[in-house]
Number of protein chains: 4
Amino acid sequence: MEMITRLYPNDWVKDSIMYKRGEGKGSSGVTHKLTEDVQGTYIYTMGPYSDPVMHIKPGDQVIVETRDAFEGAIKTEQDKPSELLKMPFLNPQAGPIMIEGAEPGDAVAVHIESMVPRGPKPQGTCCMIKEFGALTGTYYTATLNEPLPEKVRKVDIDEENVYWSDKIILPYRPHIGTLSLSPEIDSINSLTPDNHGGNMDLPDMGPGTITYLPVRSPGGRLFIGDAHACQGDGEVCGVAVEYPTVTTITVDLIKNYTIEWPRLEADDFIMGIGSTRPLEDATRIAYRELIYWLESEYDFDRWDAYMMLSQCGKVRLGNFVDPKYTVGAAIPKKYLK
Amino acid sequence: MEMITRLYPNDWVKDSIMYKRGEGKGSSGVTHKLTEDVQGTYIYTMGPYSDPVMHIKPGDQVIVETRDAFEGAIKTEQDKPSELLKMPFLNPQAGPIMIEGAEPGDAVAVHIESMVPRGPKPQGTCCMIKEFGALTGTYYTATLNEPLPEKVRKVDIDEENVYWSDKIILPYRPHIGTLSLSPEIDSINSLTPDNHGGNMDLPDMGPGTITYLPVRSPGGRLFIGDAHACQGDGEVCGVAVEYPTVTTITVDLIKNYTIEWPRLEADDFIMGIGSTRPLEDATRIAYRELIYWLESEYDFDRWDAYMMLSQCGKVRLGNFVDPKYTVGAAIPKKYLK
Amino acid sequence: MEMITRLYPNDWVKDSIMYKRGEGKGSSGVTHKLTEDVQGTYIYTMGPYSDPVMHIKPGDQVIVETRDAFEGAIKTEQDKPSELLKMPFLNPQAGPIMIEGAEPGDAVAVHIESMVPRGPKPQGTCCMIKEFGALTGTYYTATLNEPLPEKVRKVDIDEENVYWSDKIILPYRPHIGTLSLSPEIDSINSLTPDNHGGNMDLPDMGPGTITYLPVRSPGGRLFIGDAHACQGDGEVCGVAVEYPTVTTITVDLIKNYTIEWPRLEADDFIMGIGSTRPLEDATRIAYRELIYWLESEYDFDRWDAYMMLSQCGKVRLGNFVDPKYTVGAAIPKKYLK
Amino acid sequence: MEMITRLYPNDWVKDSIMYKRGEGKGSSGVTHKLTEDVQGTYIYTMGPYSDPVMHIKPGDQVIVETRDAFEGAIKTEQDKPSELLKMPFLNPQAGPIMIEGAEPGDAVAVHIESMVPRGPKPQGTCCMIKEFGALTGTYYTATLNEPLPEKVRKVDIDEENVYWSDKIILPYRPHIGTLSLSPEIDSINSLTPDNHGGNMDLPDMGPGTITYLPVRSPGGRLFIGDAHACQGDGEVCGVAVEYPTVTTITVDLIKNYTIEWPRLEADDFIMGIGSTRPLEDATRIAYRELIYWLESEYDFDRWDAYMMLSQCGKVRLGNFVDPKYTVGAAIPKKYLK
C-alpha cells in the first residue's frame with residue numbers, strides 16, 4: 001500500500017481524451033474570472049433552476065474563487081458548529097457556468113490546473129459535527145446514542161504543507177470535493193453525490209487531473225466548490241481540511257460522448273466513479289463503469305476486463321459520510337496500450 | 001493514487017511490535033516444515049474441532065506448502081468450474097498449528113517472510129464462477145438473472161511477473177488471502193472472513209508484513225492458505241491469480257495483547273481490519289479499530305485520531321465478494337512518532 | 001401473520017391528530033377539483049421550482065384526477081416498456097397545491113377519503129422493466145448479468161377486486177404510492193422517496209388514513225400521484241397494479257408541528273416512515289421516528305418505548321426498489337391510551 | 001395493516017406438506033422428553049461437532065424444556081446484563097436431536113404444537129444490552145458513540161397475556177426464536193441466523209406452524225431454543241420477552257426435498273426465509289426462495305410469480321439485530337389453489 005496520495009503533473013494533458021476529442025482542443029486560450037463578486041450568492045443545490053453566472057466556450061479557462069465548505073462561518077476552535085451551520089446551507093458552490101453547445105448526450109471535461117490557498121494567512125478548518133460522519137449514528141443511520149462531542153480544528157496551510165499540529169505536518173494534497181453538472185430535472189443539494197457528480201470527495205480529483213461529467217441539461221451547467229487541502233480516504237469524520245482557494249480549471253466539451261457516471265483521467269490511470277448506498281453498490285457501479293469504458297474505448301472483451309481488474313484494479317474510497325457514498329475504481333494506463 | 005501495490009521489505013521487522021513484545025523475540029531460530037504430507041487432508045472450516053497438524057513455540061519458523069484455492073482441480077481453460085468445484089470444499093487451508101502458551105486474551109503474530117511459487121512450471125488460475133463475484137447476483141444478493149458465463153484463465157507466473165496475456169504482464173505481488181486463528185466455539189468456512197481473520201483477501205498481506213490475530217481458543221490454532229500471485233482491490237470477479245506456494249512464516253505470541261479484530265503492520269504503516277456486510281460496516285470496524293489502536297498504543301486522544309485520519313487515513317478494499325467483505329484502514333507510521 | 005392489507009374506515013377521523021390540531025378542524029366544507037385540464041402538464045420532480053396549479057385553505061377538500069405511473073403509455077400486453085418509457089419521465093404527479101399559511105416548521109395533513117378507478121372500463125398495468133425491481137441487477141445495484149425479460153400485464157379492476165388472472169382474484173386495496181411536499185431547496189424525481197415523502201409505496205396509505213408531511217417550503221407545495229389498486233409488501237418487481245383514479249383528499253395544516261419524516265395515522269395504529277438505503281437504515285429511521293413520537297406526544301420514556309416496541313412494533317416494507325427503500329414502523333393505538 | 005400477530009391452529013396440519021410427504025406421516029405416536037436433565041449442558045453453537053442428546057424417528061414427538069436466552073442469569077430489574085452475560089455464551093439451545101434417516105438433500109419438518117411457560121410463577125425478561133440492538137452502534141455497525149444505558153424489565157406472563165406494565169397488557173404470542181439443523185462443516189453460534197436456520201426471531205414461528213429446514217449433516221442434528229412470549233417485528237432493542245418453556249414439537253423427515261433456505265407453512269400462508277446483511281439481501285433471498293417454491297410446487301411461471309407477489313406478497317421482519325438479519329416473504333394459500 002502506497003500511503004501518500006500523489007500530486008499529478010499537467011504535462012500529460014496533451015495525450016488526454018479531453019485534448020484529443022474536445023471541441024476546444026483542450027484549450028482555447030481564453031480566460032474568465034469567476035470571483036466572489038461575479039458569483040454573488042453561492043449555490044447549495046445543483047440543478048437546472050438557478051441563474052447562470054457565466055457563459056464560456058469549449059476550451060476556455062476559468063479562474064474560480066471557491067469558498068470553504070462552511071462559507072467561513074467557523075473562525076476559531078472555540079466555535080460551535082451546531083450554532084453556526086444550518087442545513088442544507090452547507091458546501092457553497094460557484095456556478096452555474098454555461099458551456100456553449102453542451103447538450104444531453106455530450107460530456108464536459110474539467111481539467112483542474114491548479115489550486116492555490118486564498119487569503120493572506122491561509123487556514124483550513126476541520127470539525128466534528130453532530131450526527132455527521134462515518135463513526136457515529138446519523139440522520140440516515142438513525143440511532144438513539146448521544147451524539148459525539150463537537151470539535152473544531154483550525155490549521156495553517158501553504159502550498160507545501162498542512163500544519164496539523166505541533167508534531168504532525170501533512171503534505172498539501174489539494175483537490176476539489178464537489179464538482180457537478182446539472183441533472184435533467186432534479187436539483188440535488190451540494191452534500192450529496194450521484195450520477196451528476198456532486199460531493200464525491202475523491203482525493204484524486206486534484207490539479208493535473210481531468211474529470212468527465214455527463215451533460216443532462218442544455219449548457220451543462222457546471223458547479224464547483226468544496227476545496228480540500230488534504231483528505232484521507234473516506235473523509236471519515238465527515239470533514240477534510242476545508243479551505244478557500246483560487247482554483248484554475250479548463251473546461252472542454254466532448255460531443256456525443258455519452259456516459260452515465262463521472263469519470264476521472266490522470267497521467268497514469270483512468271477511473272470510473274459510482275455514488276450511492278450501501279457502499280457495495282457504489283463500488284459495483286464504479287467497477288461496472290470502468291469495465292464498460294475498457295470495452296468501448298480500449299478494445300477489451302467484457303469478461304477479460306472483469307477478470308483482469310480482479311488482478312490489477314484499484315479502489316479509492318471517497319465520500320463515506322451521509323447522504324451517499326462515493327467509490328472510484330481505477331486501472332493503470334500502462335495496461336491499456 | 002499510487003497504482004501499484006508495493007513489495008515490503010523484511011529488514012524493518014526488528015522494529016515491529018512482534019519483535020519488541022513477542023515471547024519469541026520475533027524469531028527462535030527453529031524451523032518446521034508443513035509439507036503436503038505432514039498436512040494430509042487440508043481444512044475447509046476454521047474452528048476448535050479439527051486435529052492439530054503441528055505444535056510450535058513462539059518465534060518458530062514454519063515453511064508451509066499451500067495449495068491453490070481450487071486444490072488444483074482446474075487444470076485447463078476448457079474446464080468448467082461448476083463441474084469441478086463443490087461448495088463448501090473450496091479454499092483449502094493448512095493447519096491447525098498449535099502455538100505453545102497461546103491463551104484467550106493474547107495475540108498471535110504471523111510474519112510472512114517469503115512466498116515462492118510451487119511446482120516445476122508454476123501457473124496461476126483465475127476463473128468466473130456462477131453466482132459468485134461482485135458484479136453478479138449471488139447466493140446472498142439473490143436475483144433472478146441468468147448467471148454470467150463460466151470462464152477459466154491459466155497464467156504462467158514466476159517471482160517477477162504474472163503473464164496475464166500476450167499484451168499484459170502484471171507484477172508478481174504475492175500475498176496470503178486467508179489467515180486465521182480459531183474462533184472460541186464457532187467453526188467458519190474458509191470462504192468467510194470475520195473477527196478471527198479468515199478469507200480477507202488483502203493485497204497488503206504479503207511478504208514483509210506482520211499480521212496480529214486475536215487468540216480465542218487455547219493454542220490459537222493457526223490456519224493458512226489461499227495464496228495469490230497478484231490481486232486487484234476487491235478481487236472483483238471473486239478470484240485472484242490463485243496458485244500453490246511454499247510460504248515461509250515466523251509465528252510469535254504476544255501475551256495479554258487483547259485485540260478484537262486482525263491488525264496488520266508493515267515497514268511504513270499500520271492497518272486495522274474489519275470484515276462484515278454491508279461494506280460500510282466493514283469500513284467502520286476497520287477505522288474504529290485503528291482509532292482504538294492509536295489511542296491505546298500511540299498516545300492519541302480519540303477525537304484527535306478521528307479527525308486526523310479524516311486527513312491521512314488510507315483504505316484498502318479486500319474481499320468484496322460473498323459471503324462477507326473486508327476492509328483495511330491504515331495510517332503511515334511517520335505520523336506516529 | 002395477517003395476510004390481507006386492511007381497508008380503513010373514515011369515521012375515526014374526528015379523533016385524529018388532524019382533526020384535533022388542524023387549522024381547518026379536519027374539514028372546511030370547501031371542495032376543489034384538480035382535473036387533468038386544471039393540472040395541464042403533470043410533474044416528475046418535486047421541489048420549489050414548479051408553478052402552483054391550485055391554492056387551497058386548511059381543511060379544504062380536493063378531488064384529484066391521478067394518472068397511472070406510465071401516464072397511460074402502456075396499452076397492451078404486447079407493448080415493450082423499454083420502447084415507451086423514458087426516465088426520468090415516469091410516475092406523473094398532480095400539483096403543486098399551495099396550502100395557505102403553511103410555513104417551515106408546520107406539518108400538512110392529507111386525509112385520503114376515497115380512491116375510485118377512472119375511465120369507463122378501468123384497467124391496471126403491471127410490468128417488468130429492464131434493470132428495475134428488487135430481484136435483478138439495477139442502475140444502482142450494478143451487475144453484468146443480462147436483464148430479465150420485459151413483460152406486461154393488463155388487468156381489469158373495479159372497486160371490489162383486481163382480476164389478476166383466470167384463477168386469481170385479488171382484493172381491491174387502493175393506496176397512493178407517491179405523496180410529497182416540497183424539499184427546502186432540492187427537487188427530487190417522483191421515483192425517489194426521502195424525508196419529503198415521495199415514492200413511498202406503502203400499501204397502508206389508502207382511503208381512511210391520514211399522512212402528516214413536514215413543511216419545508218412556503219405553502220408546503222403538495223404533490224400526489226401513483227395510485228395502486230393493490231400492492232404486495234416491497235412491490236418486489238418494481239411495479240404494482242398501476243391505474244388512473246379520482247382520488248378525494250382533505251388537506252389540513254398543523255401549525256408548529258415539526259416533524260422530520262412523514263407519519264401515518266389510521267383508526268388503529270400510528271406509523272413512522274423512513275426512506276433511504278440500505279434497508280436497515282430505512283428501518284432504523286422509521287423506528288426512531290416512532291420512538292420520538294411516543295416520547296413527545298404519548299408520554300413514553302424513551303427506553304420504555306424502545307423496549308416495548310421490541311414486543312409489539314409492526315413493520316411494513318414499502319418501496320423496495322431503486323433508488324431508495326421505504327419502511328414503516330407502527331404501533332397499535334390501543335397501547336397508547 | 002393488521003396490528004396483531006395471529007395465533008395459528010393445529011387442525012390444518014393434516015393438509016400440510018409435512019403430513020403429505022413426511023416419512024412419519026406427520027405423526028408416529030411416539031413421544032420423547034428432552035428435559036433439562038436429559039440435555040445436561042445446553043449448546044451455544046450449531047454444527048456437526050456436538051454430542052447428540054437424543055435419537056428419534058420421523059414423526060416422533062419431543063417435549064423440550066427450553067431455557068430463556070440468558071439461561072436465567074438475569075433475575076431482577078437491578079441486574080446489570082454486562083456483568084452477567086458473556087458472549088458467545090448466550091441463547092442456549094437444546095439438542096442436537098438426531099433424526100433417523102436424515103441425509104443431505106432431505107428436509108426436516110418441525111411442527112410446533114404448543115409452548116407453555118415453565119415454572120411456578122412464570123416471568124419473562126427484556127433488557128437493553130450494551131452495543132446490541134438495532135438503534136445503537138454495535139460490534140458490526142461500529143461507532144464511537146457512548147453505548148445506550150443498560151435496562152432490565154421482568155414481566156409476568158401466562159398463557160393469555162404478557163403483563164408489560166400497569167397500563168399495558170400484551171397478548172401472549174409465543175414462538176421459537178432459534179431453530180436449526182447443522183451446517184455441513186461449519187458451526188454457527190446461536191445468535192446468528194443463516195441458511196441452516198438459527199436465530200431467525202420470526203414471530204410467526206409459533207404453535208400451529210411447521211418449519212422446513214435443509215439437512216446438510218447426517219441425522220440433521222436439530223437444535224431448538226430462544227422462546228419468546230411475544231415479539232415485535234425486528235425485535236428492535238435486540239431482546240424479546242425471553243422465557244423458559246415446555247415446548248412440544250413433532251419432527252418429520254421429507255426425503256429428497258432439497259431446499260436451500262428454511263421455509264415456513266401455516267394454515268393460511270407459506271413463507272420463504274432469508275438471513276444475511278444488508279437487510280435488502282435478506283429480503284431478496286426470502287422473495288427469491290418463495291418464487292422458486294411457487295415455481296417448483298405450485299405450477300407457477302417464474303415471471304408470473306414475480307409479478308403476482310408484487311401485488312400480494314407479505315414481508316415479515318424477523319431478527320434485525322446483529323450479527324445477521326432475517327426476513328420472511330409470504331403468500332396466502334388461497335392464491336395457490
# chains A, B, ... in the order shown; residues from 1 in each chain; ligands from 1

$ closest_atom_pairs --of "chain A" --to "chain C" --cutoff "8 Å" --atoms "only C-alpha atoms" --output "JSON lines"
{"residue": "A:Tyr44", "atom": "CA", "partner": "C:Ile185", "partner_atom": "CA", "distance": 7.8}
{"residue": "A:Thr45", "atom": "CA", "partner": "C:Asp186", "partner_atom": "CA", "distance": 6.1}
{"residue": "A:Tyr49", "atom": "CA", "partner": "C:Tyr49", "partner_atom": "CA", "distance": 7.0}
{"residue": "A:Pro88", "atom": "CA", "partner": "C:Ile185", "partner_atom": "CA", "distance": 7.9}
{"residue": "A:Tyr139", "atom": "CA", "partner": "C:Ile285", "partner_atom": "CA", "distance": 7.9}
{"residue": "A:Tyr140", "atom": "CA", "partner": "C:Asp281", "partner_atom": "CA", "distance": 6.0}
{"residue": "A:Thr141", "atom": "CA", "partner": "C:Asp281", "partner_atom": "CA", "distance": 5.1}
{"residue": "A:Ala142", "atom": "CA", "partner": "C:Ile285", "partner_atom": "CA", "distance": 5.3}
{"residue": "A:Thr143", "atom": "CA", "partner": "C:Arg284", "partner_atom": "CA", "distance": 7.0}
{"residue": "A:Leu144", "atom": "CA", "partner": "C:Arg288", "partner_atom": "CA", "distance": 7.3}
{"residue": "A:Ile185", "atom": "CA", "partner": "C:Thr45", "partner_atom": "CA", "distance": 6.5}
{"residue": "A:Asp186", "atom": "CA", "partner": "C:Ser187", "partner_atom": "CA", "distance": 5.0}
{"residue": "A:Ser187", "atom": "CA", "partner": "C:Ser187", "partner_atom": "CA", "distance": 4.7}
{"residue": "A:Ile188", "atom": "CA", "partner": "C:Asp186", "partner_atom": "CA", "distance": 5.3}
{"residue": "A:Asn189", "atom": "CA", "partner": "C:Asp186", "partner_atom": "CA", "distance": 5.9}
{"residue": "A:Thr276", "atom": "CA", "partner": "C:Tyr140", "partner_atom": "CA", "distance": 6.9}
{"residue": "A:Arg277", "atom": "CA", "partner": "C:Arg277", "partner_atom": "CA", "distance": 5.6}
{"residue": "A:Pro278", "atom": "CA", "partner": "C:Pro278", "partner_atom": "CA", "distance": 5.3}
{"residue": "A:Asp281", "atom": "CA", "partner": "C:Thr141", "partner_atom": "CA", "distance": 5.1}
{"residue": "A:Ala282", "atom": "CA", "partner": "C:Tyr140", "partner_atom": "CA", "distance": 7.3}
{"residue": "A:Arg284", "atom": "CA", "partner": "C:Ala142", "partner_atom": "CA", "distance": 5.4}
{"residue": "A:Ile285", "atom": "CA", "partner": "C:Ala142", "partner_atom": "CA", "distance": 5.3}
{"residue": "A:Arg288", "atom": "CA", "partner": "C:Ala142", "partner_atom": "CA", "distance": 6.7}

$ write_last_selection --atoms "C-alpha atoms" --output "compact mmCIF listing (two decimals), in the first residue's frame"
# COMPACT_ATOMS: atom_id res chain seq x y z
CA TYR A 44 -26.39 24.96 -2.38
CA THR A 45 -28.31 22.81 -4.80
CA TYR A 49 -33.27 26.11 -11.91
CA PRO A 88 -28.89 22.42 3.86
CA TYR A 139 -29.65 11.33 10.18
CA TYR A 140 -29.87 8.21 7.98
CA THR A 141 -28.10 5.61 10.15
CA ALA A 142 -30.50 6.52 12.92
CA THR A 143 -29.51 5.52 16.43
CA LEU A 144 -30.54 6.58 19.91
CA ILE A 185 -34.97 17.76 -13.91
CA ASP A 186 -33.81 17.22 -10.34
CA SER A 187 -31.88 19.63 -8.18
CA ILE A 188 -29.56 17.98 -5.65
CA ASN A 189 -28.06 19.60 -2.56
CA THR A 276 -24.93 5.54 -3.81
CA ARG A 277 -25.63 3.50 -0.70
CA PRO A 278 -24.83 0.89 0.52
CA ASP A 281 -23.43 -0.70 -4.61
CA ALA A 282 -21.22 2.37 -5.08
CA ARG A 284 -20.28 -2.09 -8.08
CA ILE A 285 -21.18 0.98 -10.13
CA ARG A 288 -19.02 -1.71 -13.91

$ select_by_dssp --residues "region 155-219 of chain B" --states "strand (DSSP E)" --output "mmCIF file with N, CA and C atoms, in the first residue's frame"
data_model
loop_
_atom_site.group_PDB
_atom_site.id
_atom_site.type_symbol
_atom_site.label_atom_id
_atom_site.label_comp_id
_atom_site.auth_asym_id
_atom_site.auth_seq_id
_atom_site.Cartn_x
_atom_site.Cartn_y
_atom_site.Cartn_z
ATOM 1 N N VAL B 155 -2.538 -18.878 -16.162
ATOM 2 C CA VAL B 155 -1.465 -17.935 -16.491
ATOM 3 C C VAL B 155 -0.146 -18.376 -15.873
ATOM 4 N N ASP B 156 0.918 -18.210 -16.648
ATOM 5 C CA ASP B 156 2.251 -18.518 -16.136
ATOM 6 C C ASP B 156 2.668 -17.454 -15.127
ATOM 7 N N ILE B 157 3.385 -17.884 -14.130
ATOM 8 C CA ILE B 157 3.892 -16.942 -13.138
ATOM 9 C C ILE B 157 5.330 -17.293 -12.767
ATOM 10 N N ASN B 161 6.864 -11.847 -12.359
ATOM 11 C CA ASN B 161 5.685 -11.406 -13.093
ATOM 12 C C ASN B 161 4.570 -12.445 -13.131
ATOM 13 N N VAL B 162 3.405 -11.937 -13.463
ATOM 14 C CA VAL B 162 2.250 -12.767 -13.811
ATOM 15 C C VAL B 162 1.966 -12.474 -15.281
ATOM 16 N N TYR B 163 2.089 -13.494 -16.121
ATOM 17 C CA TYR B 163 2.000 -13.282 -17.569
ATOM 18 C C TYR B 163 0.538 -13.423 -17.990
ATOM 19 N N ILE B 169 1.484 -7.890 -18.912
ATOM 20 C CA ILE B 169 2.265 -8.565 -17.883
ATOM 21 C C ILE B 169 2.083 -7.795 -16.579
ATOM 22 N N LEU B 170 1.618 -8.498 -15.568
ATOM 23 C CA LEU B 170 1.380 -7.862 -14.270
ATOM 24 C C LEU B 170 2.531 -8.200 -13.335
ATOM 25 N N PRO B 171 2.875 -7.294 -12.419
ATOM 26 C CA PRO B 171 3.954 -7.618 -11.477
ATOM 27 C C PRO B 171 3.516 -8.689 -10.475
ATOM 28 N N HIS B 175 0.588 -12.541 -1.924
ATOM 29 C CA HIS B 175 0.035 -12.326 -0.580
ATOM 30 C C HIS B 175 -0.830 -13.520 -0.201
ATOM 31 N N ILE B 176 -1.077 -13.608 1.085
ATOM 32 C CA ILE B 176 -1.899 -14.691 1.635
ATOM 33 C C ILE B 176 -3.338 -14.192 1.699
ATOM 34 N N GLY B 177 -4.269 -14.911 1.046
ATOM 35 C CA GLY B 177 -5.663 -14.490 1.047
ATOM 36 C C GLY B 177 -6.391 -14.840 2.337
ATOM 37 N N THR B 178 -5.986 -15.956 2.967
ATOM 38 C CA THR B 178 -6.736 -16.454 4.118
ATOM 39 C C THR B 178 -5.777 -16.822 5.239
ATOM 40 N N LEU B 179 -5.974 -16.186 6.379
ATOM 41 C CA LEU B 179 -5.102 -16.384 7.529
ATOM 42 C C LEU B 179 -5.989 -16.289 8.760
ATOM 43 N N SER B 180 -5.934 -17.313 9.620
ATOM 44 C CA SER B 180 -6.924 -17.378 10.704
ATOM 45 C C SER B 180 -6.346 -17.989 11.959
ATOM 46 N N ILE B 188 -15.766 -21.684 11.097
ATOM 47 C CA ILE B 188 -16.195 -20.842 9.982
ATOM 48 C C ILE B 188 -15.505 -21.275 8.706
ATOM 49 N N ASN B 189 -16.294 -21.490 7.653
ATOM 50 C CA ASN B 189 -15.734 -21.966 6.387
ATOM 51 C C ASN B 189 -14.667 -21.013 5.859
ATOM 52 N N GLY B 197 -10.087 -13.426 11.459
ATOM 53 C CA GLY B 197 -9.265 -13.402 10.246
ATOM 54 C C GLY B 197 -10.078 -14.047 9.140
ATOM 55 N N GLY B 198 -9.583 -15.134 8.578
ATOM 56 C CA GLY B 198 -10.312 -15.806 7.505
ATOM 57 C C GLY B 198 -9.965 -15.228 6.146
ATOM 58 N N ASN B 199 -10.923 -15.325 5.258
ATOM 59 C CA ASN B 199 -10.679 -15.024 3.839
ATOM 60 C C ASN B 199 -10.692 -13.514 3.562
ATOM 61 N N ILE B 210 3.477 -8.201 8.911
ATOM 62 C CA ILE B 210 3.116 -8.998 10.093
ATOM 63 C C ILE B 210 1.635 -8.796 10.373
ATOM 64 N N THR B 211 0.918 -9.915 10.535
ATOM 65 C CA THR B 211 -0.499 -9.861 10.897
ATOM 66 C C THR B 211 -0.648 -10.292 12.356
ATOM 67 N N TYR B 212 -1.443 -9.535 13.113
ATOM 68 C CA TYR B 212 -1.745 -9.876 14.501
ATOM 69 C C TYR B 212 -3.188 -10.375 14.575
ATOM 70 N N LEU B 213 -3.357 -11.547 15.149
ATOM 71 C CA LEU B 213 -4.687 -12.171 15.218
ATOM 72 C C LEU B 213 -5.054 -12.439 16.673
ATOM 73 N N PRO B 214 -6.319 -12.194 17.039
ATOM 74 C CA PRO B 214 -6.725 -12.441 18.426
ATOM 75 C C PRO B 214 -6.867 -13.932 18.743
#

$ residues_around --residues "region 74-78 of chain C" --least-positions-apart "5" --cutoff "10 Å" --atoms "only C-alpha atoms" --output "ChimeraX atom specification"
/C:68-69,83-85,123-127,150-155

$ write_last_selection --atoms "N, CA, C and O atoms" --output "tab-separated table (two decimals), in the first residue's frame"
chain	number	residue	atom	x	y	z
C	68	ASP	N	-51.94	7.07	-14.27
C	68	ASP	CA	-51.15	5.92	-13.84
C	68	ASP	C	-49.67	6.23	-13.99
C	68	ASP	O	-49.27	7.20	-14.63
C	69	ALA	N	-48.83	5.39	-13.38
C	69	ALA	CA	-47.39	5.67	-13.28
C	69	ALA	C	-46.71	5.75	-14.64
C	69	ALA	O	-45.62	6.31	-14.76
C	83	GLU	N	-39.45	0.64	-24.93
C	83	GLU	CA	-39.68	1.50	-26.09
C	83	GLU	C	-40.61	2.66	-25.76
C	83	GLU	O	-40.66	3.66	-26.49
C	84	LEU	N	-41.36	2.52	-24.68
C	84	LEU	CA	-42.41	3.51	-24.39
C	84	LEU	C	-42.10	4.41	-23.20
C	84	LEU	O	-42.67	5.50	-23.08
C	85	LEU	N	-41.21	3.95	-22.32
C	85	LEU	CA	-40.95	4.71	-21.10
C	85	LEU	C	-39.60	5.39	-21.21
C	85	LEU	O	-38.65	4.81	-21.75
C	123	GLN	N	-58.71	-0.40	-16.14
C	123	GLN	CA	-57.68	-1.43	-16.14
C	123	GLN	C	-56.47	-0.93	-15.36
C	123	GLN	O	-56.19	0.27	-15.32
C	124	GLY	N	-55.76	-1.88	-14.80
C	124	GLY	CA	-54.47	-1.57	-14.20
C	124	GLY	C	-53.36	-2.21	-15.00
C	124	GLY	O	-53.59	-3.13	-15.79
C	125	THR	N	-52.15	-1.72	-14.79
C	125	THR	CA	-50.99	-2.20	-15.54
C	125	THR	C	-49.89	-2.63	-14.59
C	125	THR	O	-49.53	-1.89	-13.67
C	126	CYS	N	-49.37	-3.84	-14.81
C	126	CYS	CA	-48.15	-4.26	-14.13
C	126	CYS	C	-47.15	-4.63	-15.22
C	126	CYS	O	-47.54	-5.06	-16.31
C	127	CYS	N	-45.87	-4.46	-14.96
C	127	CYS	CA	-44.89	-4.87	-15.95
C	127	CYS	C	-43.53	-5.11	-15.31
C	127	CYS	O	-43.30	-4.76	-14.16
C	150	GLU	N	-38.71	-8.39	-20.54
C	150	GLU	CA	-39.78	-7.42	-20.34
C	150	GLU	C	-41.13	-8.14	-20.42
C	150	GLU	O	-41.32	-8.99	-21.28
C	151	LYS	N	-42.02	-7.77	-19.54
C	151	LYS	CA	-43.36	-8.37	-19.50
C	151	LYS	C	-44.38	-7.29	-19.20
C	151	LYS	O	-44.07	-6.35	-18.45
C	152	VAL	N	-45.57	-7.45	-19.72
C	152	VAL	CA	-46.66	-6.53	-19.39
C	152	VAL	C	-47.91	-7.32	-19.02
C	152	VAL	O	-48.22	-8.32	-19.67
C	153	ARG	N	-48.57	-6.90	-17.96
C	153	ARG	CA	-49.89	-7.46	-17.60
C	153	ARG	C	-50.90	-6.32	-17.54
C	153	ARG	O	-50.67	-5.33	-16.83
C	154	LYS	N	-51.99	-6.48	-18.25
C	154	LYS	CA	-53.11	-5.56	-18.14
C	154	LYS	C	-54.24	-6.29	-17.41
C	154	LYS	O	-54.61	-7.41	-17.81
C	155	VAL	N	-54.77	-5.70	-16.36
C	155	VAL	CA	-55.77	-6.40	-15.56
C	155	VAL	C	-56.98	-5.51	-15.32
C	155	VAL	O	-56.87	-4.32	-15.05

$ select_by_dssp --residues "region 15-64 of chain A" --states "helix (DSSP H, G or I)" --output "list of chain:residue names"
A:Asp15, A:Ile17, A:Met18, A:Tyr19, A:Lys20, A:Arg21, A:Glu36, A:Asp37, A:Val38, A:Gln39

$ atom_distance --atom1 "CA of Tyr298 (chain C)" --atom2 "CA of Ile270 (chain C)"
11.3 Å

$ closest_atom_pairs --of "region 45-135 of chain C" --to "region 228-241 of chain C" --cutoff "12 Å" --atoms "only C-alpha atoms" --output "Markdown table"
| residue | atom | partner | partner_atom | distance |
| --- | --- | --- | --- | --- |
| C:Thr66 | CA | C:His228 | CA | 10.7 |
| C:Arg67 | CA | C:His228 | CA | 10.7 |
| C:Asp68 | CA | C:His228 | CA | 8.4 |
| C:Ala69 | CA | C:Val239 | CA | 8.9 |
| C:Phe70 | CA | C:Val239 | CA | 10.2 |
| C:Pro81 | CA | C:Val239 | CA | 11.8 |
| C:Leu90 | CA | C:Val239 | CA | 11.7 |
| C:Asn91 | CA | C:Val239 | CA | 10.8 |
| C:Met115 | CA | C:Ala229 | CA | 9.0 |
| C:Val116 | CA | C:Ala229 | CA | 9.3 |
| C:Pro117 | CA | C:Ala229 | CA | 8.2 |
| C:Arg118 | CA | C:Ala229 | CA | 11.3 |
| C:Pro122 | CA | C:Ala229 | CA | 10.5 |
| C:Gln123 | CA | C:Val241 | CA | 8.8 |
| C:Gly124 | CA | C:Val241 | CA | 5.2 |
| C:Thr125 | CA | C:Val241 | CA | 5.3 |
| C:Cys126 | CA | C:Val241 | CA | 5.2 |
| C:Cys127 | CA | C:Val239 | CA | 6.2 |
| C:Met128 | CA | C:Cys237 | CA | 6.4 |
| C:Ile129 | CA | C:Gly238 | CA | 7.9 |
| C:Lys130 | CA | C:Gly238 | CA | 10.3 |
| C:Glu131 | CA | C:Gly238 | CA | 9.9 |
| C:Phe132 | CA | C:Gly238 | CA | 6.3 |
| C:Gly133 | CA | C:Gly238 | CA | 4.2 |
| C:Ala134 | CA | C:Val236 | CA | 5.3 |
| C:Leu135 | CA | C:Cys237 | CA | 7.0 |

$ residues_around --residues "Val251 (chain C)" --least-positions-apart "4" --cutoff "9 Å" --atoms "only C-alpha atoms" --output "PyMOL selection string"
chain C and resi 24+26-27+56-62+99+108-112

$ write_last_selection --atoms "C-alpha atoms" --output "PDB file, in the first residue's frame"
ATOM      1  CA  GLY C  24     -59.197  23.675   9.352  1.00  0.00           C
ATOM      2  CA  GLY C  26     -60.115  18.480   9.691  1.00  0.00           C
ATOM      3  CA  SER C  27     -62.642  19.846   7.205  1.00  0.00           C
ATOM      4  CA  ILE C  56     -56.360  25.989  -1.016  1.00  0.00           C
ATOM      5  CA  LYS C  57     -57.068  26.690   2.635  1.00  0.00           C
ATOM      6  CA  PRO C  58     -56.538  24.331   5.564  1.00  0.00           C
ATOM      7  CA  GLY C  59     -59.412  21.862   5.732  1.00  0.00           C
ATOM      8  CA  ASP C  60     -60.312  22.123   2.055  1.00  0.00           C
ATOM      9  CA  GLN C  61     -61.187  19.035   0.075  1.00  0.00           C
ATOM     10  CA  VAL C  62     -59.558  18.344  -3.296  1.00  0.00           C
ATOM     11  CA  ILE C  99     -51.774  25.408   1.316  1.00  0.00           C
ATOM     12  CA  VAL C 108     -49.550  19.259   6.383  1.00  0.00           C
ATOM     13  CA  ALA C 109     -52.113  16.505   6.987  1.00  0.00           C
ATOM     14  CA  VAL C 110     -53.535  14.639   3.998  1.00  0.00           C
ATOM     15  CA  HIS C 111     -56.630  12.579   4.671  1.00  0.00           C
ATOM     16  CA  ILE C 112     -57.318  10.228   1.786  1.00  0.00           C
TER      17      ILE C 112
END
